[in-house]
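What follows is one structure encoded as structure tokens, with my remarks underneath.
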Amino acid sequence: MRFGSDKLRSLREALAVRQEAPDPQAGGPGASLWQRFLTVPLRIITAVIQDFLQGQLTLRAMSLVYISLLSMVPLIAISFSVLKGFGVHNRIEPFLKEALKPLGAKGIEITNRIIEFVDRIEVGVLGFVGFLLLFYTVVSLLQKVERSFNYIWHVPTERSIAHKFRDYLSAVILGPVLVIGATGIIASLMSSTVMQSIAGFGPMGVLIEIAGRLTSFALVVGAMTFLYAFLPNTQVRLGPAALGGLVAGAMWALTGWGFASFIVGSAAYTVIYSVFATLVLFMIWLYLVWLIVLMGSAVSFYSQNPHYIGIKREAVQYGIKAMERVALIAVYHIVRSWYKGEAPWTAERLARETHVPMPALSQVIGALEKAGLIERGGDDQPTFLPACPPEDTPVKAVLDALRADAGTGHPAIGQGGSPDAVEELLSRMDCALSAEFERETLKSFALNGAAPEQMVKSAARELGGV
């Protein structure tokens, strides 16, 4: 596994160099359309495979299996109550059977058990506290999925409590209505007398069957696209979300076929696990489903942010020099846009246009906010504005904000006393820095000269190791 990982890392680094090169054969700006068409998907596939081999996607898929087992019955119970108001609650059972179709006869058994559990749930008997616990279990599942998506999208912050309540409630109520309602409409249409009559004419039956399968595939793609566009706590464009949904839908279909053909058909699991065989196969299928969902989200992320290919994860300890660059880049753009009357910057836009990893940018923004240099506005997508007059604020305040945010370090540092020579040298360094930027304010820094492209490239290279 280590050998394969090293090979893939070498391939990805080679592809990253090729994308940045101006050579037409490298897939850069001078490349032909077919060269870009081949190079970009190859880079994305390599990055997704590398993420898979690093193990985080598999670990998160396993944790989602656990929370899914706990929250599946409460989720279906709440969805059942909502769908009952629309008169389509009787479509839950066929929907579950279709979703568990790769499990064969065991899928039908699991569906019957789940429906049996749901029928036994009575909100009136549970009481208010029991209903809250039921709803909390469902929210925990959505929160776990959001955290996994945020990890893939390099987003270190979650939704606020108010936004979680609003968005999760919308997902629990609208999601089942749209998906199961659409499934019910399509099933009713396919089983109608008119369609049955048309299917009797020669090859029309085969065409209708193919159309039905394509429609089911389109529903899976649509559901995945909705998840990828809605759940990450960042702005996801429809195109990358749809691409991830398409890849996830294709993987779903292929995995379902393979699972039904090679795993469920084997009698070995029944012999080994006996009465637990159904539960084991169900957990394996859930694991594969969540792994497909997470890999599809990774495809969406890399298609929207190809510059992240090759950039290290947030476990990396960013250097002081690189973090100072990021802080200056952020302040430069925020103050410059404010003076020019342009649209304020969001964290997502800063990360996208400066190619700075979101974890490093979030840490810098938090330090600047804590120091009172910038403030955020807006609601769903916070924007950032100067919090103090830029014409009266020295550039050194940005560097001081990063130093203050770093803290004092371990309590043992300095307990033995610092030599006078050390304190004197540190004081001279601080005075020299103040004298150098004595007349340089945030206003003069942001309005003089062009945008610091070289600074941006240096920060991205130091932070990502590309």
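Each chain in the structure tokens gets a letter, A, B, ..., in the order shown, and its residues are numbered from 1; ligands are numbered from 1 in order too.
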*Polymer residues at most 9 Å from Leu142 (chain A), only C-alpha atoms, same-chain spacing of 3 or more positions, as number ranges by chain*: A: 138-139, 145-147, 168, 171, 231
Please produce an output containing C-alpha atoms for each residue in the selection, written as a CSV table (one decimal), in the first residue's frame.
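Now in again.csv:
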```
chain,number,residue,atom,x,y,z
A,138,VAL,CA,-31.5,12.6,12.8
A,139,VAL,CA,-29.7,15.9,13.3
A,145,VAL,CA,-22.3,14.2,7.1
A,146,GLU,CA,-21.7,18.0,7.0
A,147,ARG,CA,-18.4,17.6,9.0
A,168,TYR,CA,-31.4,20.5,8.5
A,171,ALA,CA,-33.4,18.7,4.3
A,231,LEU,CA,-24.4,20.3,2.9
```
_Ranking A:Lys396, A:Lys164, A:His154, A:Lys321 by minimum distance to Ser140 (chain A) and counting only C-alpha atoms, which one comes first?_
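Nearest to Ser140 (chain A): A:Lys164.
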*Of the candidates A:Arg159, A:Arg213, A:Lys144, A:Arg336, which one gets nearest to Ser444 (chain A) if we count only C-alpha atoms?*
A:Arg336
_Nearest residue to Glu438 (chain A) from the set A:Val422, A:Tyr339, A:Pro394, A:Glu348 (distances using only C-alpha atoms)_ =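 Nearest to Glu438 (chain A): A:Pro394.
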